[in-house]
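Q: Hey, dropping my_file.txt in here, compact mmCIF, C-alpha atoms:
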# COMPACT_ATOMS: atom_id res chain seq x y z
CA MET A 26 45.81 -47.98 36.28
CA LYS A 27 47.02 -45.07 38.38
CA ILE A 28 48.83 -42.88 35.87
CA ALA A 29 51.18 -39.96 36.58
CA VAL A 30 51.38 -37.48 33.70
CA TRP A 31 54.18 -34.93 33.28
CA TYR A 32 54.26 -32.08 30.76
CA TYR A 33 55.62 -28.59 30.14
CA LEU A 34 53.75 -27.18 27.15
CA PRO A 35 52.27 -23.90 25.89
CA SER A 36 49.05 -23.75 23.91
CA GLY A 37 49.16 -25.61 20.61
CA GLY A 38 48.93 -29.04 19.05
CA ALA A 39 51.05 -30.88 21.65
CA LYS A 40 48.87 -29.60 24.51
CA ARG A 41 45.71 -30.56 22.60
CA ALA A 42 47.12 -34.06 22.02
CA LEU A 43 47.80 -34.40 25.75
CA PHE A 44 44.31 -33.12 26.63
CA ASP A 45 42.74 -35.69 24.31
CA HIS A 46 44.91 -38.50 25.67
CA VAL A 47 44.12 -37.68 29.30
CA SER A 48 40.40 -37.24 28.54
CA GLY A 49 40.30 -40.67 26.90
CA LEU A 50 42.13 -42.36 29.77
CA VAL A 51 39.94 -40.73 32.43
CA ALA A 52 36.80 -41.71 30.53
CA ARG A 53 37.94 -45.35 30.71
CA GLY A 54 38.21 -45.26 34.48
CA HIS A 55 41.97 -44.77 34.90
CA HIS A 56 43.08 -42.51 37.75
CA VAL A 57 45.22 -39.72 36.28
CA GLU A 58 47.14 -36.95 38.01
CA ALA A 59 49.35 -34.42 36.21
CA PHE A 60 52.59 -32.77 37.34
CA HIS A 61 54.21 -29.78 35.62
CA PRO A 62 56.15 -26.56 36.18
CA PRO A 63 54.26 -23.27 35.87
CA ALA A 64 53.52 -23.28 32.14
CA PRO A 65 52.72 -20.55 29.59
CA HIS A 66 49.02 -20.36 28.63
CA GLU A 67 48.26 -22.59 31.62
CA ASP A 68 44.54 -21.82 31.46
CA TRP A 69 44.26 -23.10 27.85
CA LEU A 70 42.72 -26.59 27.78
CA PRO A 71 43.22 -27.46 31.47
CA LEU A 72 43.46 -31.22 31.85
CA PRO A 73 40.41 -33.10 33.20
CA CYS A 74 42.34 -34.43 36.20
CA LYS A 75 44.07 -33.24 39.35
CA GLU A 76 47.11 -31.11 38.47
CA HIS A 77 50.16 -30.47 40.68
CA VAL A 78 52.20 -27.35 39.85
CA VAL A 79 55.80 -27.91 41.00
CA SER A 80 58.04 -24.85 40.68
CA HIS A 81 61.36 -25.04 38.86
CA GLY A 82 62.75 -21.69 40.06
CA HIS A 83 64.14 -18.70 38.17
CA VAL A 84 67.49 -18.47 36.45
CA ILE A 85 68.34 -14.78 36.32
CA GLY A 86 68.03 -12.77 39.51
CA HIS A 87 69.16 -9.37 40.69
CA GLY A 88 72.76 -8.49 41.43
CA ASN A 89 75.55 -6.22 40.25
CA TYR A 90 76.73 -6.04 36.65
CA PHE A 91 79.35 -8.81 36.91
CA GLN A 92 76.93 -11.14 38.71
CA ARG A 93 74.36 -10.64 35.96
CA VAL A 94 76.96 -11.28 33.21
CA TRP A 95 78.14 -14.44 34.96
CA LYS A 96 74.55 -15.66 35.40
CA HIS A 97 73.90 -15.03 31.70
CA ILE A 98 76.96 -17.13 30.74
CA MET A 99 75.91 -19.86 33.17
CA ARG A 100 72.20 -19.63 32.29
CA PRO A 101 72.01 -22.92 30.31
CA THR A 102 73.72 -24.84 33.12
CA LEU A 103 71.62 -23.21 35.81
CA ALA A 104 68.38 -23.79 33.87
CA MET A 105 69.26 -27.45 33.38
CA LYS A 106 70.11 -27.85 37.06
CA MET A 107 66.78 -26.36 38.11
CA MET A 108 64.83 -28.61 35.73
CA GLN A 109 66.73 -31.59 37.13
CA ASP A 110 65.85 -30.54 40.69
CA HIS A 111 62.22 -30.12 39.64
CA SER A 112 62.22 -33.60 38.09
CA LYS A 113 63.71 -35.17 41.22
CA GLU A 114 60.97 -33.58 43.32
CA VAL A 115 58.26 -34.80 40.94
CA ALA A 116 59.78 -38.30 40.90
CA GLN A 117 59.60 -38.35 44.71
CA LEU A 118 55.94 -37.28 44.63
CA ILE A 119 55.18 -40.01 42.08
CA GLU A 120 56.93 -42.59 44.24
CA GLU A 121 54.98 -41.53 47.31
CA GLY A 122 51.72 -41.45 45.33
CA GLY A 123 51.85 -45.13 44.44
CA PHE A 124 51.44 -44.64 40.69
CA ASP A 125 51.62 -47.62 38.34
CA VAL A 126 53.11 -45.87 35.32
CA VAL A 127 54.54 -42.51 34.29
CA PHE A 128 53.25 -40.97 31.06
CA THR A 129 55.69 -38.20 30.14
CA ASN A 130 55.10 -35.70 27.34
CA THR A 131 57.26 -33.36 25.32
CA CYS A 132 58.96 -30.54 27.21
CA CYS A 133 58.94 -27.16 25.45
CA GLN A 134 62.36 -26.44 26.97
CA TYR A 135 64.21 -29.76 26.60
CA HIS A 136 61.82 -31.86 24.46
CA SER A 137 63.08 -35.11 26.03
CA PRO A 138 62.28 -34.50 29.73
CA PHE A 139 64.61 -35.20 32.64
CA LEU A 140 61.96 -37.05 34.65
CA GLY A 141 62.83 -40.42 33.09
CA ARG A 142 66.22 -40.38 34.81
CA TYR A 143 64.80 -40.11 38.30
CA THR A 144 61.75 -42.36 38.51
CA LYS A 145 61.95 -46.14 38.83
CA LYS A 146 58.34 -46.60 37.74
CA PRO A 147 57.56 -47.94 34.25
CA LYS A 148 57.81 -44.86 32.06
CA LEU A 149 56.65 -43.93 28.60
CA LEU A 150 57.56 -40.80 26.64
CA TYR A 151 55.25 -39.38 23.98
CA LEU A 152 57.71 -37.29 21.99
CA GLN A 153 55.99 -35.03 19.48
CA GLU A 154 59.36 -34.30 17.86
CA PRO A 155 63.04 -34.01 18.82
CA ASN A 156 64.36 -30.55 19.54
CA ARG A 157 64.43 -29.23 16.00
CA PHE A 158 66.50 -26.18 16.93
CA LEU A 159 69.44 -28.47 17.72
CA TYR A 160 69.30 -30.46 14.48
CA GLU A 161 67.69 -28.30 11.77
CA ALA A 162 68.40 -24.97 10.09
CA LEU A 163 65.73 -22.65 11.53
CA PRO A 164 66.76 -20.76 9.44
CA ARG A 165 70.44 -21.30 10.33
CA LEU A 166 71.91 -24.44 11.87
CA ALA A 167 72.65 -23.72 15.52
CA TRP A 168 75.98 -25.57 15.45
CA ILE A 169 77.53 -23.35 12.75
CA ASP A 170 80.37 -21.14 13.95
CA ALA A 171 80.34 -17.35 13.74
CA PRO A 172 80.60 -16.07 10.15
CA GLU A 173 83.96 -15.07 8.74
CA GLY A 174 84.91 -11.53 9.64
CA ALA A 175 82.74 -11.50 12.79
CA SER A 176 83.91 -9.38 15.70
CA TRP A 177 85.70 -11.00 18.63
CA ARG A 178 82.62 -10.34 20.77
CA ARG A 179 80.47 -12.25 18.30
CA LYS A 180 82.97 -15.11 18.18
CA LEU A 181 83.19 -15.30 21.97
CA ARG A 182 79.41 -15.30 22.29
CA THR A 183 79.14 -18.02 19.64
CA TRP A 184 81.69 -20.13 21.51
CA PHE A 185 79.65 -19.92 24.73
CA ASP A 186 76.48 -20.74 22.75
CA LEU A 187 78.09 -23.81 21.16
CA VAL A 188 79.23 -25.12 24.55
CA ALA A 189 75.68 -24.72 25.89
CA LEU A 190 74.16 -26.42 22.83
CA ARG A 191 76.47 -29.41 23.14
CA GLN A 192 75.57 -29.70 26.81
CA GLN A 193 71.86 -29.55 26.07
CA ALA A 194 72.07 -32.07 23.22
CA MET A 195 73.87 -34.55 25.46
CA ALA A 196 71.30 -34.05 28.21
CA GLU A 197 68.36 -34.58 25.84
CA LEU A 198 69.91 -37.75 24.42
CA THR A 199 70.52 -39.14 27.92
CA ASN A 200 66.94 -38.24 28.88
CA ALA A 201 65.50 -40.02 25.84
CA GLN A 202 67.55 -43.13 26.61
CA SER A 203 66.06 -43.32 30.12
CA TYR A 204 62.51 -44.21 28.98
CA ASP A 205 61.14 -47.72 28.60
CA ARG A 206 59.37 -46.76 25.38
CA ILE A 207 59.21 -43.70 23.11
CA LEU A 208 56.02 -43.06 21.15
CA VAL A 209 55.84 -40.66 18.21
CA ASN A 210 53.04 -39.21 16.11
CA SER A 211 54.13 -40.30 12.60
CA TYR A 212 56.65 -42.36 10.66
CA PHE A 213 58.34 -39.11 9.75
CA SER A 214 58.83 -38.41 13.47
CA ARG A 215 60.11 -41.95 13.96
CA GLU A 216 62.79 -41.25 11.34
CA SER A 217 63.60 -37.93 13.02
CA VAL A 218 64.15 -39.66 16.38
CA ALA A 219 66.41 -42.21 14.70
CA ARG A 220 68.42 -39.44 12.97
CA CYS A 221 68.77 -37.24 16.06
CA TYR A 222 69.08 -39.76 18.91
CA GLY A 223 69.91 -43.05 17.22
CA LEU A 224 66.98 -44.60 19.12
CA ASP A 225 64.01 -46.68 18.03
CA SER A 226 60.51 -45.37 18.65
CA THR A 227 56.98 -46.55 17.92
CA VAL A 228 54.31 -44.74 15.91
CA CYS A 229 51.16 -44.14 17.95
CA TYR A 230 48.91 -41.94 15.83
CA LEU A 231 46.96 -39.14 17.46
CA GLY A 232 43.23 -38.57 17.03
CA ILE A 233 40.94 -35.58 16.75
CA ASP A 234 37.73 -34.73 18.60
CA LEU A 235 35.27 -35.31 15.79
CA GLY A 236 32.26 -34.55 17.97
CA ARG A 237 33.06 -30.84 18.25
CA LEU A 238 33.82 -30.19 14.59
CA GLY A 239 30.33 -30.06 13.09
CA SER A 240 28.80 -31.81 10.12
CA GLY A 241 30.63 -29.99 7.35
CA SER A 242 27.42 -28.46 6.00
CA GLU A 243 28.14 -24.89 7.14
CA PRO A 244 28.13 -22.20 4.38
CA ARG A 245 31.47 -20.99 3.09
CA GLU A 246 32.71 -17.39 3.04
CA ASN A 247 35.28 -15.65 0.85
CA TYR A 248 38.45 -15.84 2.93
CA LEU A 249 41.45 -18.13 3.35
CA LEU A 250 42.51 -19.29 6.80
CA GLY A 251 45.96 -20.11 8.17
CA VAL A 252 46.49 -21.48 11.68
CA GLY A 253 49.71 -21.73 13.69
CA ALA A 254 52.29 -19.63 15.49
CA CYS A 255 53.53 -16.64 13.53
CA VAL A 256 57.14 -17.89 13.46
CA TYR A 257 59.61 -18.93 10.77
CA PRO A 258 58.93 -22.73 10.85
CA LYS A 259 55.21 -22.17 10.15
CA ARG A 260 56.14 -20.30 6.93
CA VAL A 261 53.52 -17.58 7.10
CA LYS A 262 55.47 -15.62 4.49
CA LEU A 263 55.23 -18.54 2.08
CA ALA A 264 51.45 -18.54 2.47
CA ILE A 265 51.36 -14.78 1.80
CA GLU A 266 53.55 -15.18 -1.30
CA ALA A 267 51.22 -17.89 -2.62
CA VAL A 268 48.11 -15.74 -2.07
CA GLY A 269 49.92 -12.87 -3.76
CA GLN A 270 50.02 -14.95 -6.97
CA LEU A 271 46.25 -15.41 -7.11
CA PRO A 272 44.36 -13.35 -9.68
CA GLU A 273 42.51 -10.34 -8.32
CA PRO A 274 40.18 -9.88 -6.57
CA ARG A 275 41.95 -12.05 -4.01
CA PRO A 276 40.29 -13.38 -0.89
CA LYS A 277 41.51 -12.14 2.47
CA LEU A 278 44.07 -14.27 4.33
CA ILE A 279 43.24 -14.55 8.04
CA TRP A 280 46.00 -16.03 10.20
CA SER A 281 45.13 -17.34 13.67
CA ALA A 282 48.27 -17.55 15.83
CA ASN A 283 48.75 -18.92 19.34
CA PHE A 284 52.10 -17.10 19.49
CA ILE A 285 53.52 -14.15 17.54
CA ASP A 286 57.20 -13.41 17.00
CA ASP A 287 56.97 -9.64 16.57
CA PRO A 288 59.90 -9.08 14.15
CA TYR A 289 58.72 -11.96 11.95
CA ALA A 290 55.13 -10.65 12.09
CA GLU A 291 56.32 -7.24 10.87
CA GLU A 292 58.09 -8.92 7.95
CA CYS A 293 54.86 -10.75 7.10
CA LYS A 294 52.82 -7.55 7.18
CA ASP A 295 55.36 -5.69 5.03
CA LEU A 296 55.39 -8.55 2.51
CA ALA A 297 51.59 -8.64 2.37
CA GLN A 298 51.47 -4.89 1.76
CA ARG A 299 54.01 -5.14 -1.08
CA LEU A 300 52.11 -8.01 -2.74
CA GLY A 301 48.66 -6.49 -2.29
CA VAL A 302 47.45 -9.27 0.02
CA ASP A 303 44.75 -8.46 2.57
CA PHE A 304 46.42 -10.09 5.58
CA GLU A 305 44.83 -10.15 9.02
CA LEU A 306 46.83 -11.55 11.95
CA ARG A 307 44.87 -12.61 15.04
CA GLU A 308 46.43 -13.82 18.29
CA LEU A 309 44.99 -16.38 20.75
CA VAL A 310 41.64 -16.77 19.02
CA PRO A 311 39.23 -18.66 21.34
CA ASP A 312 38.58 -22.26 20.35
CA ASP A 313 34.92 -21.76 19.51
CA GLU A 314 35.72 -18.75 17.31
CA LEU A 315 38.53 -20.64 15.55
CA LEU A 316 36.17 -23.52 14.89
CA VAL A 317 33.72 -21.17 13.17
CA LEU A 318 36.56 -19.72 11.08
CA MET A 319 37.49 -23.25 9.95
CA GLN A 320 33.89 -24.20 9.20
CA ARG A 321 33.33 -21.14 7.00
CA ALA A 322 36.68 -20.68 5.23
CA SER A 323 36.82 -21.11 1.46
CA CYS A 324 40.14 -22.86 1.96
CA VAL A 325 42.53 -23.61 4.83
CA LEU A 326 46.26 -23.11 4.12
CA TYR A 327 48.78 -25.18 6.09
CA VAL A 328 52.33 -24.89 4.80
CA PRO A 329 54.76 -25.35 7.75
CA ARG A 330 58.30 -26.60 7.40
CA LEU A 331 58.62 -30.34 8.14
CA GLU A 332 55.54 -30.53 10.36
CA PRO A 333 55.63 -33.90 12.19
CA PHE A 334 51.86 -34.51 12.27
CA GLY A 335 49.51 -31.57 11.73
CA TYR A 336 46.32 -31.25 13.76
CA VAL A 337 45.07 -28.23 11.86
CA PRO A 338 44.57 -29.77 8.39
CA LEU A 339 42.88 -32.89 9.82
CA GLU A 340 40.49 -30.83 11.96
CA ALA A 341 39.80 -28.47 9.07
CA ALA A 342 39.09 -31.38 6.72
CA ALA A 343 36.79 -32.93 9.34
CA CYS A 344 34.89 -29.61 9.34
CA GLY A 345 34.30 -30.04 5.61
CA ALA A 346 36.92 -27.46 4.60
CA SER A 347 39.18 -27.78 1.57
CA VAL A 348 42.80 -27.94 2.75
CA VAL A 349 45.87 -26.93 0.76
CA THR A 350 49.07 -28.19 2.34
CA VAL A 351 52.64 -29.18 1.43
CA MET A 352 54.25 -32.54 0.68
CA GLU A 353 56.56 -32.52 3.67
CA GLY A 354 56.96 -34.27 7.00
CA GLY A 355 54.03 -36.12 8.53
CA LEU A 356 51.56 -34.34 6.26
CA ARG A 357 52.39 -36.87 3.55
CA GLU A 358 50.91 -39.52 5.86
CA THR A 359 47.87 -37.70 7.20
CA MET A 360 46.79 -35.66 4.16
CA SER A 361 47.78 -37.72 1.12
CA GLU A 362 44.19 -38.78 0.36
CA ILE A 363 42.43 -35.80 1.92
CA GLY A 364 44.04 -32.50 0.99
CA TYR A 365 45.36 -30.64 -2.03
CA LEU A 366 49.09 -31.30 -1.74
CA ALA A 367 51.59 -28.85 -3.22
CA ASP A 368 55.34 -28.43 -3.47
CA PRO A 369 56.59 -25.91 -0.89
CA ASN A 370 56.83 -22.98 -3.29
CA PRO A 371 54.39 -20.11 -4.02
CA ASP A 372 53.57 -21.23 -7.59
CA SER A 373 52.54 -24.75 -6.65
CA ILE A 374 50.56 -23.64 -3.60
CA ALA A 375 48.76 -20.94 -5.60
CA GLN A 376 47.79 -23.51 -8.26
CA GLN A 377 46.18 -25.72 -5.61
CA ILE A 378 44.33 -22.77 -4.10
CA CYS A 379 43.01 -21.91 -7.57
CA ARG A 380 41.72 -25.49 -7.96
CA VAL A 381 39.59 -24.91 -4.88
CA LEU A 382 38.43 -21.37 -5.68
CA ASP A 383 37.80 -21.87 -9.41
CA ASP A 384 35.44 -24.82 -8.91
CA PRO A 385 33.92 -24.48 -5.43
CA SER A 386 31.25 -27.11 -6.11
CA ALA A 387 33.80 -29.81 -6.95
CA ALA A 388 35.97 -28.77 -3.98
CA ARG A 389 32.93 -28.93 -1.71
CA GLU A 390 32.00 -32.36 -2.99
CA LYS A 391 35.52 -33.68 -2.39
CA ALA A 392 35.66 -32.14 1.11
CA LEU A 393 32.37 -33.75 2.15
CA ALA A 394 33.46 -37.11 0.69
CA ASN A 395 36.58 -37.01 2.90
CA ILE A 396 34.65 -36.82 6.18
CA PRO A 397 33.69 -40.53 6.51
CA ALA A 398 37.32 -41.60 5.97
CA ILE A 399 38.49 -39.11 8.61
CA HIS A 400 35.93 -40.46 11.07
CA ALA A 401 37.04 -44.03 10.37
CA GLN A 402 40.76 -43.43 10.87
CA TRP A 403 41.29 -40.41 13.10
CA GLY A 404 38.76 -40.63 15.95
CA LEU A 405 39.73 -40.19 19.60
CA GLU A 406 38.54 -43.66 20.61
CA ALA A 407 41.06 -45.33 18.33
CA ALA A 408 43.81 -42.99 19.56
CA THR A 409 43.00 -43.85 23.18
CA ASP A 410 43.05 -47.56 22.29
CA ARG A 411 46.57 -47.21 20.91
CA LEU A 412 47.95 -45.26 23.86
CA GLU A 413 46.23 -47.43 26.49
CA ALA A 414 47.70 -50.58 24.93
CA HIS A 415 51.23 -49.19 25.25
CA LEU A 416 50.70 -48.13 28.87
CA LEU A 417 49.40 -51.60 29.71
CA GLN A 418 52.31 -53.26 27.94
CA ILE A 419 55.04 -51.39 29.80
CA THR A 420 53.31 -52.17 33.12
CA ARG A 421 53.10 -55.78 31.86
CA ARG A 422 49.36 -55.98 32.44
CA PRO A 423 47.00 -58.00 30.23
As structure tokens, please, write out the structure in this file.

A:
Amino acid sequence: MKIAVWYYLPSGGAKRALFDHVSGLVARGHHVEAFHPPAPHEDWLPLPCKEHVVSHGHVIGHGNYFQRVWKHIMRPTLAMKMMQDHSKEVAQLIEEGGFDVVFTNTCCQYHSPFLGRYTKKPKLLYLQEPNRFLYEALPRLAWIDAPEGASWRRKLRTWFDLVALRQQAMAELTNAQSYDRILVNSYFSRESVARCYGLDSTVCYLGIDLGRLGSGSEPRENYLLGVGACVYPKRVKLAIEAVGQLPEPRPKLIWSANFIDDPYAEECKDLAQRLGVDFELRELVPDDELLVLMQRASCVLYVPRLEPFGYVPLEAAACGASVVTVMEGGLRETMSEIGYLADPNPDSIAQQICRVLDDPSAAREKALANIPAIHAQWGLEAATDRLEAHLLQITRRP
């Protein structure tokens, strides 16, 4: 097949999933070309195919005070219009390129991309998750009005925000409806799509690159490892609170982040200082260095809020690491037989960490016993099989 891929993603699990998908398709002889706007962290995991960067413009430009205020009010509409124009241009390029199928991926701006509206080719959307900001409290539900007693300025700003959110939610729903098939990474994500969009989707599990993860025989060192953006949904503070309940001397908690929200990071550091937790925050750790950290950690902590799939705990377990995670979201599917599952509170998480640290031999034995099952279920070949079958089906090829 000649496959057109579209994405707009920063570094992280969704970009890794796309990289693995494209690598698997290219290895099987399919011709793949990718289209995307200029993306953050563009040099992280470049796709093994020809990539076309198609600009989508800039929203806020120069001008006098009133022009800037008006552009700020109109920013959501202008941003949507520019992404629509970008999608129309990409659709034209796909039409001219003679592609058989369009494989669209999650958009970090609109989650359900606009491209489906404008291409007549068979089109498939791999949606990692709906736009959680529109439908979940992170930490406050976006649709809630200004609090009682708020100033008129706050109320006016909230009114403009609510209008923009309604506009975006309608656009994302219409976008999702335009695809021939929506694939998701877990049954939890399938339920999320049904709740948010009222649409059916199909579970197409991801895979991990087992060849790069080692044998699991590497020696362990006395530190705990957390991986993920330093933002509220990843619950870094919860991990710190759990480590703060461990008996002293406590192991260091190293957190590897692909993105850091500075105010939230300061809260994490202050909390760690108050609880006596040795907390080290690292940003944009290179892949090979992160792999070594996983291979040598005493325990990997992964406690995000309603994570739809979770690459980190699977990769860590495939490295032979003991993984403590929470019974939420897609982690209940991927880690139920592999990790140490806890309730999302500091006491429960600390108890599971103690199980690992108090009897390292038993934890090591369990971790090594998990590796064959991970290889059997979560390899890249099987993931490519699943995706390729869907692409063939929507092009109605045998």

Q: Rounded to one decimal in Å, what is the spacing between CA of His415 in chain A and CA of Leu149 in chain A?

A: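 Spanning CA of His415 in chain A to CA of Leu149 in chain A is a straight-line distance of 8.3 Å.
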
Q: Nearest residue to Val209 in chain A out of A:Pro73, A:Pro333, A:Gly354, A:Gly49, using all atoms listed in the file?

A: A:Pro333

Q: Using only C-alpha atoms, find all polymer residues with an atom at most 9 Å away from the point (51.3, -37.2, 16.0); report them as a ChimeraX atom specification.

A: /A:39,42,152-154,209-211,214,228-232,333-336,355

Q: Just checking: using only C-alpha atoms, which residue out of A:Ile119, A:Ser176, A:Tyr257, A:His56 ends up closest to Tyr143 in chain A?

A: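 Comparing A:Ile119, A:Ser176, A:Tyr257, A:His56 against Tyr143 in chain A, the winner is A:Ile119.
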
Q: Could you please determine the separation between CA of Pro65 in chain A and CA of Ile207 in chain A in Å, to one decimal place?

A: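 CA of Ile207 in chain A lies 24.9 Å from CA of Pro65 in chain A.
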
Q: What is the CA of Pro155 in chain A-CA of Val218 in chain A distance in Å, reported with one decimal?

A: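 So the two atoms, CA of Pro155 in chain A and CA of Val218 in chain A, lie 6.3 Å apart.
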
Q: Pick the closest to Glu413 in chain A from A:Gly54, A:Gly38, A:Gly364, A:Pro164: which is it, counting only C-alpha atoms?

A: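 The shortest atom-to-atom distance to Glu413 in chain A comes from A:Gly54.
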